[in-house]
$ cat data-v9.txt   # compact mmCIF, C-alpha atoms and all ligand atoms
# COMPACT_ATOMS: atom_id res chain seq x y z
CA SER A 1 27.14 -31.88 36.55
CA ASP A 2 23.85 -30.01 36.66
CA ALA A 3 22.27 -32.08 33.95
CA GLN A 4 22.68 -35.29 35.96
CA THR A 5 21.66 -34.02 39.37
CA SER A 6 18.46 -32.20 38.49
CA ASP A 7 15.56 -32.52 36.16
CA SER A 8 13.76 -29.43 37.38
CA ILE A 9 12.32 -26.95 34.93
CA LYS A 10 14.53 -23.89 34.56
CA ALA A 11 14.67 -20.97 32.21
CA ILE A 12 17.28 -21.20 29.49
CA ASP A 13 19.78 -18.36 29.80
CA ARG A 14 19.06 -15.39 27.58
CA ALA A 15 22.07 -15.71 25.31
CA SER A 16 21.13 -19.33 24.51
CA VAL A 17 17.49 -18.44 23.88
CA HIS A 18 18.68 -15.73 21.52
CA ARG A 19 20.83 -18.17 19.58
CA ILE A 20 18.06 -20.80 19.41
CA THR A 21 15.36 -18.43 18.12
CA SER A 22 17.77 -16.65 15.77
CA GLY A 23 18.52 -19.96 14.10
CA GLN A 24 14.89 -20.05 12.99
CA VAL A 25 14.82 -16.55 11.53
CA VAL A 26 18.04 -16.90 9.59
CA ILE A 27 17.91 -20.47 8.37
CA ASP A 28 20.48 -20.39 5.61
CA LEU A 29 22.45 -18.13 3.30
CA GLN A 30 19.42 -17.19 1.23
CA THR A 31 17.40 -15.99 4.21
CA ALA A 32 20.37 -13.97 5.48
CA VAL A 33 20.73 -12.20 2.14
CA LYS A 34 16.98 -11.82 1.78
CA GLU A 35 16.72 -9.99 5.11
CA LEU A 36 19.47 -7.55 4.14
CA VAL A 37 17.97 -6.80 0.72
CA GLU A 38 14.52 -6.37 2.28
CA ASN A 39 15.99 -3.77 4.62
CA SER A 40 17.51 -1.90 1.68
CA LEU A 41 14.18 -1.93 -0.17
CA ASP A 42 12.37 -0.80 2.99
CA ALA A 43 14.87 2.07 3.22
CA GLY A 44 13.78 3.20 -0.25
CA ALA A 45 17.01 2.28 -2.04
CA THR A 46 17.10 2.53 -5.84
CA ASN A 47 20.53 0.97 -6.14
CA ILE A 48 21.49 -2.19 -4.29
CA GLU A 49 24.73 -4.11 -4.65
CA VAL A 50 25.26 -7.51 -3.09
CA ARG A 51 28.81 -8.82 -2.77
CA PHE A 52 29.50 -12.41 -1.83
CA LYS A 53 32.98 -13.54 -0.92
CA ASP A 54 33.60 -17.25 -1.48
CA HIS A 55 29.89 -17.76 -2.24
CA GLY A 56 29.05 -16.06 1.06
CA VAL A 57 31.15 -18.39 3.21
CA LYS A 58 33.64 -15.63 3.96
CA SER A 59 31.30 -12.66 3.91
CA ILE A 60 28.15 -11.09 2.52
CA GLU A 61 27.95 -7.36 1.92
CA VAL A 62 24.91 -5.34 0.90
CA ILE A 63 25.40 -1.74 -0.19
CA ASP A 64 22.43 0.55 -0.72
CA ASN A 65 21.62 4.18 -1.43
CA GLY A 66 18.59 4.21 0.87
CA SER A 67 17.69 6.56 3.68
CA GLY A 68 20.63 5.68 5.92
CA ILE A 69 20.23 5.17 9.65
CA SER A 70 19.83 8.18 11.88
CA LYS A 71 21.84 8.61 15.09
CA GLU A 72 18.94 8.04 17.47
CA ASN A 73 18.47 4.56 15.97
CA TYR A 74 22.05 3.34 16.44
CA GLU A 75 21.51 1.84 19.92
CA GLY A 76 18.34 -0.08 19.04
CA LEU A 77 19.44 -1.09 15.53
CA ALA A 78 20.12 -4.77 16.18
CA LEU A 79 18.27 -5.27 19.44
CA LYS A 80 15.61 -7.94 19.31
CA HIS A 81 12.12 -6.66 18.45
CA HIS A 82 13.41 -3.17 17.76
CA THR A 83 11.99 -1.88 14.52
CA SER A 84 11.10 1.40 12.95
CA LYS A 85 8.27 -0.20 10.98
CA LEU A 86 5.62 -1.56 13.35
CA SER A 87 4.58 -0.62 16.84
CA ASN A 88 1.54 -2.75 17.66
CA PHE A 89 -0.22 -5.92 16.62
CA GLU A 90 -2.98 -4.13 14.70
CA ASP A 91 -0.39 -2.62 12.35
CA LEU A 92 0.33 -6.13 11.14
CA THR A 93 -2.80 -6.25 9.00
CA ILE A 94 -1.85 -3.13 7.08
CA VAL A 95 1.95 -3.32 7.03
CA ARG A 96 3.45 -2.93 3.55
CA SER A 97 7.14 -2.99 4.43
CA PHE A 98 9.06 -6.26 4.25
CA GLY A 99 10.32 -6.07 7.80
CA PHE A 100 8.03 -5.68 10.77
CA ARG A 101 9.39 -7.74 13.63
CA GLY A 102 12.82 -6.29 14.25
CA GLU A 103 14.40 -9.73 14.34
CA ALA A 104 16.68 -9.99 11.34
CA LEU A 105 19.64 -7.90 12.44
CA SER A 106 19.49 -9.23 15.98
CA SER A 107 19.53 -12.77 14.58
CA LEU A 108 22.36 -12.07 12.14
CA CYS A 109 24.46 -10.69 14.98
CA ALA A 110 23.82 -13.80 17.07
CA LEU A 111 24.75 -16.09 14.19
CA SER A 112 27.84 -14.44 12.70
CA GLU A 113 31.45 -13.71 13.51
CA SER A 114 30.85 -10.03 12.99
CA VAL A 115 28.29 -7.56 11.66
CA VAL A 116 29.47 -4.07 10.71
CA PHE A 117 27.48 -1.16 9.27
CA THR A 118 28.56 2.03 7.62
CA THR A 119 25.76 4.47 7.14
CA ALA A 120 25.00 8.07 6.29
CA THR A 121 21.73 9.98 6.16
CA ALA A 122 21.20 12.75 3.61
CA SER A 123 22.30 15.44 6.07
CA GLU A 124 25.44 13.54 7.12
CA ALA A 125 26.68 12.59 3.65
CA PRO A 126 29.44 12.63 2.42
CA MET A 127 30.52 11.60 5.92
CA GLY A 128 29.41 8.21 7.22
CA THR A 129 29.58 6.44 10.55
CA VAL A 130 30.91 2.92 11.22
CA LEU A 131 28.71 0.89 13.56
CA GLU A 132 30.16 -2.22 15.15
CA LEU A 133 27.74 -4.60 16.78
CA GLU A 134 28.18 -7.21 19.47
CA ARG A 135 26.85 -10.74 19.16
CA SER A 136 24.09 -9.78 21.60
CA GLY A 137 23.04 -7.04 19.18
CA LYS A 138 24.32 -4.27 21.43
CA LEU A 139 26.16 -1.41 19.82
CA LYS A 140 29.90 -1.86 20.41
CA SER A 141 31.11 1.37 18.87
CA SER A 142 30.01 4.18 16.61
CA ASP A 143 33.12 6.36 16.80
CA ALA A 144 34.81 5.78 13.46
CA LYS A 145 33.96 8.01 10.48
CA VAL A 146 34.40 7.21 6.79
CA ALA A 147 33.57 8.88 3.52
CA ARG A 148 30.12 7.78 2.41
CA GLN A 149 27.25 8.91 0.24
CA ARG A 150 23.73 8.58 1.58
CA GLY A 151 22.84 4.96 2.30
CA THR A 152 23.91 1.93 4.25
CA THR A 153 26.45 -0.87 3.88
CA VAL A 154 26.15 -4.01 5.97
CA THR A 155 28.97 -6.55 6.11
CA VAL A 156 28.27 -9.94 7.63
CA THR A 157 31.39 -12.04 8.15
CA GLY A 158 31.51 -15.71 9.09
CA LEU A 159 27.82 -16.52 8.87
CA PHE A 160 26.86 -19.39 11.24
CA ALA A 161 30.28 -19.47 12.95
CA PRO A 162 28.50 -19.71 16.35
CA LEU A 163 26.57 -22.80 15.15
CA PRO A 164 29.37 -25.23 14.22
CA VAL A 165 27.14 -27.90 12.70
CA ARG A 166 25.32 -25.46 10.45
CA ARG A 167 28.57 -23.75 9.56
CA LYS A 168 30.07 -27.08 8.40
CA GLU A 169 26.97 -27.83 6.31
CA PHE A 170 27.13 -24.35 4.82
CA GLU A 171 30.81 -24.70 3.89
CA ARG A 172 30.21 -28.10 2.37
CA ASN A 173 27.21 -26.95 0.28
CA ALA A 174 28.41 -23.41 -0.40
CA LYS A 175 27.83 -23.46 -4.15
CA ARG A 176 24.35 -24.88 -3.87
CA GLU A 177 23.46 -22.44 -1.11
CA PHE A 178 24.78 -19.62 -3.26
CA LEU A 179 22.56 -20.66 -6.19
CA LYS A 180 19.55 -20.78 -3.89
CA ALA A 181 20.38 -17.28 -2.69
CA LEU A 182 20.71 -16.09 -6.29
CA ASN A 183 17.30 -17.53 -7.11
CA LEU A 184 15.73 -15.62 -4.24
CA LEU A 185 17.59 -12.48 -5.32
CA GLN A 186 16.00 -12.90 -8.75
CA ALA A 187 12.61 -12.90 -7.04
CA TYR A 188 13.53 -9.67 -5.24
CA ALA A 189 14.98 -8.13 -8.40
CA LEU A 190 11.45 -8.32 -9.84
CA VAL A 191 9.75 -6.80 -6.78
CA PRO A 192 9.86 -3.17 -7.93
CA CYS A 193 8.20 -4.14 -11.24
CA VAL A 194 5.63 -6.35 -9.55
CA GLN A 195 4.77 -3.56 -7.11
CA GLU A 196 4.82 -0.95 -9.89
CA ASN A 197 7.21 1.07 -7.76
CA GLN A 198 10.26 3.09 -8.65
CA GLY A 199 12.88 1.01 -10.45
CA VAL A 200 15.70 -0.56 -8.48
CA ARG A 201 19.06 -1.47 -9.92
CA LEU A 202 20.26 -4.71 -8.35
CA THR A 203 23.78 -5.97 -8.93
CA VAL A 204 25.24 -9.15 -7.48
CA PHE A 205 28.90 -10.14 -7.46
CA ASN A 206 30.71 -13.19 -6.20
CA GLN A 207 34.40 -12.99 -5.42
CA VAL A 208 36.36 -16.23 -5.24
CA SER A 209 40.08 -16.09 -4.45
CA GLY A 210 40.41 -12.53 -5.69
CA TRP A 211 38.33 -12.99 -8.87
CA LYS A 212 35.14 -11.00 -8.96
CA THR A 213 32.38 -12.27 -11.24
CA SER A 214 29.01 -10.72 -11.93
CA ALA A 215 26.22 -13.09 -10.93
CA LEU A 216 23.14 -11.02 -11.64
CA GLN A 217 22.22 -7.57 -12.86
CA THR A 218 19.09 -5.59 -13.54
CA ASP A 219 18.93 -2.22 -15.24
CA GLY A 220 16.52 -0.61 -12.80
CA SER A 221 13.70 -0.60 -15.32
CA ARG A 222 10.14 -0.61 -14.08
CA SER A 223 9.03 -2.97 -16.82
CA LEU A 224 8.66 -6.60 -15.86
CA LYS A 225 9.58 -7.80 -19.34
CA SER A 226 12.71 -5.72 -19.46
CA SER A 227 13.80 -7.05 -16.07
CA VAL A 228 13.13 -10.61 -17.15
CA SER A 229 15.25 -9.89 -20.18
CA SER A 230 18.18 -8.64 -18.14
CA LEU A 231 17.96 -11.61 -15.79
CA TRP A 232 17.45 -14.46 -18.28
CA GLY A 233 18.09 -12.97 -21.69
CA PRO A 234 15.80 -11.61 -24.42
CA LYS A 235 14.86 -15.08 -25.65
CA GLN A 236 12.99 -15.82 -22.46
CA VAL A 237 10.71 -12.83 -23.03
CA GLU A 238 9.55 -13.88 -26.49
CA ASN A 239 7.66 -16.75 -25.00
CA LEU A 240 5.81 -14.79 -22.30
CA VAL A 241 2.33 -13.34 -22.22
CA PRO A 242 0.96 -10.91 -19.65
CA LEU A 243 -1.13 -12.38 -16.90
CA ASP A 244 -4.05 -10.31 -15.67
CA LEU A 245 -6.81 -12.24 -14.01
CA ARG A 246 -9.56 -11.33 -11.63
CA CYS A 247 -11.32 -13.94 -9.63
CA ILE A 248 -14.06 -13.62 -7.12
CA VAL A 249 -13.25 -16.10 -4.42
CA ARG A 250 -15.89 -17.45 -2.12
CA THR A 251 -14.80 -17.59 1.50
CA ASP A 252 -14.53 -21.16 2.81
CA LYS A 253 -17.63 -22.15 4.73
CA ALA A 254 -15.56 -23.49 7.60
CA SER A 255 -13.69 -20.26 8.10
CA LEU A 256 -16.93 -18.27 8.00
CA LYS A 257 -18.37 -20.54 10.67
CA ARG A 258 -15.30 -20.02 12.82
CA GLN A 259 -15.77 -16.28 12.59
CA GLY A 260 -19.49 -16.62 13.33
CA ILE A 261 -20.51 -15.13 9.99
CA LEU A 262 -23.68 -16.50 8.41
CA GLU A 263 -24.04 -14.88 5.01
CA GLU A 264 -21.77 -15.79 2.15
CA GLN A 265 -18.71 -13.63 1.60
CA THR A 266 -16.44 -13.11 -1.35
CA THR A 267 -13.04 -11.56 -1.88
CA GLU A 268 -11.75 -10.18 -5.14
CA VAL A 269 -8.30 -11.41 -6.01
CA ARG A 270 -6.34 -9.96 -8.89
CA VAL A 271 -3.44 -11.90 -10.34
CA THR A 272 -0.92 -10.05 -12.48
CA GLY A 273 2.43 -10.94 -13.98
CA LEU A 274 3.78 -12.97 -16.87
CA ILE A 275 3.39 -16.56 -17.91
CA SER A 276 4.93 -18.65 -20.66
CA LYS A 277 2.73 -19.76 -23.51
CA PHE A 278 2.03 -23.40 -23.76
CA SER A 279 3.58 -24.74 -26.90
CA PRO A 280 5.25 -28.01 -27.77
CA GLY A 281 9.00 -27.74 -27.54
CA ASN A 282 9.03 -25.17 -24.78
CA GLY A 283 9.43 -27.86 -22.17
CA ARG A 284 11.11 -26.79 -18.98
CA ALA A 285 10.33 -28.84 -15.94
CA SER A 286 11.94 -26.75 -13.27
CA ALA A 287 10.77 -24.64 -10.39
CA ASP A 288 13.61 -22.11 -10.51
CA ARG A 289 11.71 -19.83 -12.86
CA GLN A 290 8.46 -19.67 -10.96
CA PHE A 291 7.98 -16.65 -8.75
CA PHE A 292 4.99 -15.99 -6.57
CA TYR A 293 4.09 -12.84 -4.68
CA VAL A 294 1.31 -11.79 -2.37
CA ASN A 295 0.77 -8.04 -2.54
CA GLY A 296 4.27 -7.67 -3.93
CA ARG A 297 5.88 -9.79 -1.22
CA PRO A 298 7.87 -12.78 -2.55
CA CYS A 299 6.73 -16.00 -0.93
CA SER A 300 6.38 -19.68 -1.55
CA LEU A 301 2.80 -20.61 -2.42
CA THR A 302 3.30 -24.33 -2.84
CA LYS A 303 -0.33 -25.28 -3.42
CA ILE A 304 -0.85 -22.54 -5.97
CA GLN A 305 2.42 -23.43 -7.67
CA LYS A 306 1.25 -27.01 -7.87
CA ALA A 307 -2.02 -25.90 -9.44
CA PHE A 308 -0.20 -23.96 -12.17
CA ASN A 309 1.99 -26.94 -12.94
CA GLU A 310 -0.90 -29.38 -12.97
CA VAL A 311 -2.73 -27.37 -15.60
CA TYR A 312 0.35 -27.31 -17.80
CA ARG A 313 1.05 -30.95 -17.30
CA SER A 314 -2.46 -31.91 -18.26
CA PHE A 315 -1.46 -30.84 -21.77
CA ASN A 316 2.11 -32.04 -21.86
CA THR A 317 3.54 -34.31 -19.22
CA ASN A 318 6.89 -32.63 -18.81
CA GLN A 319 6.11 -28.96 -19.11
CA SER A 320 6.14 -26.37 -16.33
CA PRO A 321 5.44 -22.75 -17.10
CA PHE A 322 7.76 -19.87 -16.50
CA VAL A 323 5.57 -17.80 -14.25
CA ILE A 324 5.67 -14.56 -12.32
CA ALA A 325 2.38 -14.11 -10.47
CA ASP A 326 1.43 -11.48 -7.94
CA PHE A 327 -1.73 -12.11 -5.95
CA GLN A 328 -3.31 -8.83 -4.98
CA LEU A 329 -5.82 -9.25 -2.23
CA PRO A 330 -6.99 -7.27 0.78
CA THR A 331 -4.24 -7.31 3.41
CA ALA A 332 -6.84 -8.47 5.92
CA SER A 333 -7.34 -11.71 3.99
CA CYS A 334 -3.81 -12.95 4.39
CA ASP A 335 -1.50 -13.61 7.30
CA ILE A 336 2.14 -12.78 6.64
CA ASN A 337 3.33 -13.61 10.14
CA VAL A 338 3.22 -17.41 9.81
CA SER A 339 6.84 -18.51 9.78
CA PRO A 340 9.99 -16.87 11.14
CA ASP A 341 11.47 -16.48 7.67
CA LYS A 342 8.20 -14.93 6.43
CA ARG A 343 8.26 -17.12 3.31
CA THR A 344 4.95 -18.77 4.17
CA ILE A 345 1.77 -16.76 3.88
CA PHE A 346 -1.71 -17.95 4.79
CA ILE A 347 -4.39 -16.89 2.37
CA HIS A 348 -7.98 -17.14 3.48
CA SER A 349 -9.94 -19.60 1.36
CA GLU A 350 -6.87 -20.64 -0.59
CA GLY A 351 -8.69 -23.79 -1.69
CA ASN A 352 -11.41 -21.81 -3.46
CA LEU A 353 -8.84 -19.48 -4.96
CA ILE A 354 -7.01 -22.45 -6.42
CA LEU A 355 -10.20 -23.84 -7.90
CA ALA A 356 -11.00 -20.52 -9.54
CA LEU A 357 -7.45 -20.24 -10.83
CA LYS A 358 -7.44 -23.70 -12.31
CA VAL A 359 -10.57 -22.99 -14.29
CA ILE A 360 -9.26 -19.67 -15.59
CA HIS A 361 -5.85 -21.05 -16.25
CA LEU A 362 -7.25 -23.99 -18.19
CA LEU A 363 -9.10 -21.53 -20.38
CA ILE A 364 -5.91 -19.60 -21.03
CA VAL A 365 -3.76 -22.56 -21.78
CA ARG A 366 -6.38 -23.88 -24.19
CA ARG A 367 -6.16 -20.72 -26.18
CA VAL A 368 -2.49 -21.34 -26.79
CA SER A 369 -2.22 -19.13 -29.79
CA ASP A 370 -3.73 -16.19 -27.94
CA SER A 371 -1.28 -13.40 -27.39
CA ARG A 372 -2.91 -12.04 -24.29
CA ALA A 373 -3.96 -13.94 -21.24
CA HIS A 374 -6.79 -11.71 -20.13
CA ASN A 375 -9.69 -13.35 -18.48
CA SER A 376 -12.05 -13.13 -15.63
CA ILE A 377 -14.52 -15.32 -13.87
P1 LIG B 401 12.81 -4.93 10.65
O1 LIG B 401 13.22 -4.89 9.23
O2 LIG B 401 11.78 -5.97 10.93
O3 LIG B 401 12.46 -3.58 11.21
P2 LIG B 401 15.61 -5.54 11.13
O4 LIG B 401 16.30 -6.20 12.27
O5 LIG B 401 15.75 -6.12 9.77
O6 LIG B 401 14.07 -5.43 11.52
O7 LIG B 401 16.08 -4.02 11.08
C1 LIG B 401 15.96 -3.19 12.23
C2 LIG B 401 15.90 -1.73 11.87
O8 LIG B 401 17.17 -1.29 11.37
C3 LIG B 401 14.90 -1.38 10.78
O9 LIG B 401 13.61 -1.18 11.30
C4 LIG B 401 15.51 -0.12 10.17
O10 LIG B 401 15.07 1.01 10.89
C5 LIG B 401 17.00 -0.27 10.40
N1 LIG B 401 17.73 -0.71 9.17
C6 LIG B 401 18.19 -1.95 8.89
N2 LIG B 401 18.82 -2.01 7.69
C7 LIG B 401 18.73 -0.78 7.16
C8 LIG B 401 19.16 -0.17 5.92
N3 LIG B 401 19.80 -0.88 4.97
N4 LIG B 401 18.89 1.15 5.73
C9 LIG B 401 18.23 1.87 6.67
N5 LIG B 401 17.80 1.38 7.86
C10 LIG B 401 18.03 0.07 8.11
MG MG B 402 14.28 -6.26 8.18

$ encode --input "data-v9.txt" --output "structure tokens"
Amino acid sequence: SDAQTSDSIKAIDRASVHRITSGQVVIDLQTAVKELVENSLDAGATNIEVRFKDHGVKSIEVIDNGSGISKENYEGLALKHHTSKLSNFEDLTIVRSFGFRGEALSSLCALSESVVFTTATASEAPMGTVLELERSGKLKSSDAKVARQRGTTVTVTGLFAPLPVRRKEFERNAKREFLKALNLLQAYALVPCVQENQGVRLTVFNQVSGWKTSALQTDGSRSLKSSVSSLWGPKQVENLVPLDLRCIVRTDKASLKRQGILEEQTTEVRVTGLISKFSPGNGRASADRQFFYVNGRPCSLTKIQKAFNEVYRSFNTNQSPFVIADFQLPTASCDINVSPDKRTIFIHSEGNLILALKVIHLLIVRRVSDSRAHNSI
């Protein structure tokens, strides 16, 4: 065969490249669902329903009442690097939408048995169009019509079928994967409150052998506390205090040097959200109720998360706070294009930010009986 007779460098065929890179964008069930919900939010939806069948193993469906997709966008919809949100590299420093690379749908097509859309714009409703996509992302057909109000429904069937090893893993760990997806959906359910945007009603169902159960529901309120209450119950709210911190963060010397800047620079970072009061008996040593955002974008900030936990644990060895924290900083001081799943964000001078936070946070935790966590340094 070829592999034995030659060791010359050749280009991998396009379909294989597509499958390889797609596997990095859509890593698991939670990133698949995340991409779909991000698209609904980007389309301005105020009502989003997510339906899992067999914990997502059979299918995932996301139904929204957003803008819908207009006819001229059908062909490019799931083609790689086709997006309606970004057209050049400079836009990346100011982009506010969740999507910006035009990779998600193309990747989902490459990694699933089938991806089908039904969509209607305001002028087309109550008549919608069914869009069938090929694995390559090309539009297969857009002939069928169905009744549909304004918005878009995406149905992804047989996620990871083209990657047999990952598919097996997914089937074996379906319940755990589903819980991870739910946790990320909780983070997204809070996005409209964190961003102080219009409220979004998010409903999640899981259907197993014909039985549909509700897995998550928010009431579309714009209040963070009210959303926390609908996600985890009113008892969880009692224990929370608002977080509103401002810190002036000095830019790391090393990064200034790299940029050839001599004088000292600072960035103002505002941190808003909710945090649980420190009090004996409130122990909860788990990371599934800690949500971090940068400019309203859910992300994992592992070092910052660690800092929050360390402060709490310095008072009580087994306590982790419930925390929702949005870091508002100039878009130019963070890089959102670090990892294919966009969960990692680089923040300039993160080390100094963490130091500032620890000091402030220590002050807050000390004043345990305080009802408000206002502070600034
Ligand atoms: P990106 O979000 O980075 O643009 P995607 O592959 O996720 O890339 O989506 C490609 C394009 O498809 C989007 O730019 C958007 O125009 C359109 N689209 C996807 N999902 C929806 C939706 N639910 N409602 C309206 N338009 C959508
Ligand atoms: Mg997207």

$ closest_residue --input "data-v9.txt" --among "A:Ile27, A:Val294, A:Val154, A:Leu111" --to "ligand LIG 401 (chain B)" --atoms "only C-alpha atoms and all ligand atoms"
A:Val154

$ residues_near_ligand --input "data-v9.txt" --ligand "ligand LIG 401 (chain B)" --cutoff "10 Å" --atoms "all atoms listed in the file" --output "PDB file with C-alpha atoms, in the frame of the given file"
ATOM      1  CA  LYS A  34      16.980 -11.820   1.780  1.00  0.00           C
ATOM      2  CA  GLU A  35      16.720  -9.990   5.110  1.00  0.00           C
ATOM      3  CA  LEU A  36      19.470  -7.550   4.140  1.00  0.00           C
ATOM      4  CA  VAL A  37      17.970  -6.800   0.720  1.00  0.00           C
ATOM      5  CA  GLU A  38      14.520  -6.370   2.280  1.00  0.00           C
ATOM      6  CA  ASN A  39      15.990  -3.770   4.620  1.00  0.00           C
ATOM      7  CA  SER A  40      17.510  -1.900   1.680  1.00  0.00           C
ATOM      8  CA  LEU A  41      14.180  -1.930  -0.170  1.00  0.00           C
ATOM      9  CA  ASP A  42      12.370  -0.800   2.990  1.00  0.00           C
ATOM     10  CA  ALA A  43      14.870   2.070   3.220  1.00  0.00           C
ATOM     11  CA  GLY A  44      13.780   3.200  -0.250  1.00  0.00           C
ATOM     12  CA  ALA A  45      17.010   2.280  -2.040  1.00  0.00           C
ATOM     13  CA  ILE A  48      21.490  -2.190  -4.290  1.00  0.00           C
ATOM     14  CA  VAL A  62      24.910  -5.340   0.900  1.00  0.00           C
ATOM     15  CA  ILE A  63      25.400  -1.740  -0.190  1.00  0.00           C
ATOM     16  CA  ASP A  64      22.430   0.550  -0.720  1.00  0.00           C
ATOM     17  CA  ASN A  65      21.620   4.180  -1.430  1.00  0.00           C
ATOM     18  CA  GLY A  66      18.590   4.210   0.870  1.00  0.00           C
ATOM     19  CA  SER A  67      17.690   6.560   3.680  1.00  0.00           C
ATOM     20  CA  GLY A  68      20.630   5.680   5.920  1.00  0.00           C
ATOM     21  CA  ILE A  69      20.230   5.170   9.650  1.00  0.00           C
ATOM     22  CA  SER A  70      19.830   8.180  11.880  1.00  0.00           C
ATOM     23  CA  ASN A  73      18.470   4.560  15.970  1.00  0.00           C
ATOM     24  CA  TYR A  74      22.050   3.340  16.440  1.00  0.00           C
ATOM     25  CA  GLY A  76      18.340  -0.080  19.040  1.00  0.00           C
ATOM     26  CA  LEU A  77      19.440  -1.090  15.530  1.00  0.00           C
ATOM     27  CA  ALA A  78      20.120  -4.770  16.180  1.00  0.00           C
ATOM     28  CA  LEU A  79      18.270  -5.270  19.440  1.00  0.00           C
ATOM     29  CA  LYS A  80      15.610  -7.940  19.310  1.00  0.00           C
ATOM     30  CA  HIS A  81      12.120  -6.660  18.450  1.00  0.00           C
ATOM     31  CA  HIS A  82      13.410  -3.170  17.760  1.00  0.00           C
ATOM     32  CA  THR A  83      11.990  -1.880  14.520  1.00  0.00           C
ATOM     33  CA  SER A  84      11.100   1.400  12.950  1.00  0.00           C
ATOM     34  CA  LYS A  85       8.270  -0.200  10.980  1.00  0.00           C
ATOM     35  CA  LEU A  86       5.620  -1.560  13.350  1.00  0.00           C
ATOM     36  CA  SER A  97       7.140  -2.990   4.430  1.00  0.00           C
ATOM     37  CA  PHE A  98       9.060  -6.260   4.250  1.00  0.00           C
ATOM     38  CA  GLY A  99      10.320  -6.070   7.800  1.00  0.00           C
ATOM     39  CA  PHE A 100       8.030  -5.680  10.770  1.00  0.00           C
ATOM     40  CA  ARG A 101       9.390  -7.740  13.630  1.00  0.00           C
ATOM     41  CA  GLY A 102      12.820  -6.290  14.250  1.00  0.00           C
ATOM     42  CA  GLU A 103      14.400  -9.730  14.340  1.00  0.00           C
ATOM     43  CA  ALA A 104      16.680  -9.990  11.340  1.00  0.00           C
ATOM     44  CA  LEU A 105      19.640  -7.900  12.440  1.00  0.00           C
ATOM     45  CA  SER A 106      19.490  -9.230  15.980  1.00  0.00           C
ATOM     46  CA  SER A 107      19.530 -12.770  14.580  1.00  0.00           C
ATOM     47  CA  LEU A 108      22.360 -12.070  12.140  1.00  0.00           C
ATOM     48  CA  CYS A 109      24.460 -10.690  14.980  1.00  0.00           C
ATOM     49  CA  PHE A 117      27.480  -1.160   9.270  1.00  0.00           C
ATOM     50  CA  THR A 118      28.560   2.030   7.620  1.00  0.00           C
ATOM     51  CA  THR A 119      25.760   4.470   7.140  1.00  0.00           C
ATOM     52  CA  ALA A 120      25.000   8.070   6.290  1.00  0.00           C
ATOM     53  CA  THR A 121      21.730   9.980   6.160  1.00  0.00           C
ATOM     54  CA  GLY A 137      23.040  -7.040  19.180  1.00  0.00           C
ATOM     55  CA  ARG A 150      23.730   8.580   1.580  1.00  0.00           C
ATOM     56  CA  GLY A 151      22.840   4.960   2.300  1.00  0.00           C
ATOM     57  CA  THR A 152      23.910   1.930   4.250  1.00  0.00           C
ATOM     58  CA  THR A 153      26.450  -0.870   3.880  1.00  0.00           C
ATOM     59  CA  VAL A 154      26.150  -4.010   5.970  1.00  0.00           C
TER      60      VAL A 154
END

$ atom_distance --input "data-v9.txt" --atom1 "CA of Leu353 in chain A" --atom2 "CA of Thr272 in chain A"
14.4 Å

$ residues_around --input "data-v9.txt" --residues "Leu184 in chain A" --least-positions-apart "4" --cutoff "9 Å" --atoms "only C-alpha atoms" --output "PyMOL selection string"
chain A and resi 30-31+33-34+179-180+188-189+298

$ residues_around --input "data-v9.txt" --residues "Asn173 in chain A" --least-positions-apart "3" --cutoff "12 Å" --atoms "only C-alpha atoms" --output "JSON, numbers by chain"
{"A": [28, 29, 54, 55, 56, 57, 166, 167, 168, 169, 170, 176, 177, 178, 179, 180]}

$ atom_distance --input "data-v9.txt" --atom1 "CA of Val269 in chain A" --atom2 "CA of Leu357 in chain A"
10.1 Å

$ residues_near_point --input "data-v9.txt" --point "(26.2, -8.1, -2.4)" --cutoff "7 Å" --atoms "only C-alpha atoms" --output "VMD selection string"
chain A and resid 49 to 52 60 to 63 204 to 205

$ closest_residue --input "data-v9.txt" --among "A:Glu171, A:Asp341, A:Glu350, A:Glu113" --to "ligand MG 402 (chain B)" --atoms "all atoms listed in the file"
A:Asp341

$ axis_aligned_box --input "data-v9.txt" --around "range 74-81 of chain A" --padding-each-side "4 Å" --output "JSON"
{"center_x": 17.1, "center_y": -2.3, "center_z": 17.7, "size_x": 17.9, "size_y": 19.3, "size_z": 12.4}

$ closest_residue --input "data-v9.txt" --among "A:Ser314, A:Arg250, A:Ser142, A:Gln290" --to "Gly351 in chain A" --atoms "all atoms listed in the file"
A:Arg250

$ closest_residue --input "data-v9.txt" --among "A:Ser59, A:Arg297, A:Arg313, A:Ala215" --to "Cys334 in chain A" --atoms "all atoms listed in the file"
A:Arg297

$ atom_distance --input "data-v9.txt" --atom1 "CA of Ala125 in chain A" --atom2 "CA of Val191 in chain A"
27.8 Å

$ closest_residue --input "data-v9.txt" --among "A:Val115, A:Val25, A:Ala181, A:Ala15" --to "ligand MG 402 (chain B)" --atoms "only C-alpha atoms and all ligand atoms"
A:Val25

$ closest_residue --input "data-v9.txt" --among "A:Gln217, A:Ser230, A:Ser141, A:Ser112" --to "Gly158 in chain A" --atoms "only C-alpha atoms"
A:Ser112

$ residues_around --input "data-v9.txt" --residues "Ser333 in chain A" --least-positions-apart "3" --cutoff "10 Å" --atoms "only C-alpha atoms" --output "PyMOL selection string"
chain A and resi 93+251+267+329-330+336+346-349
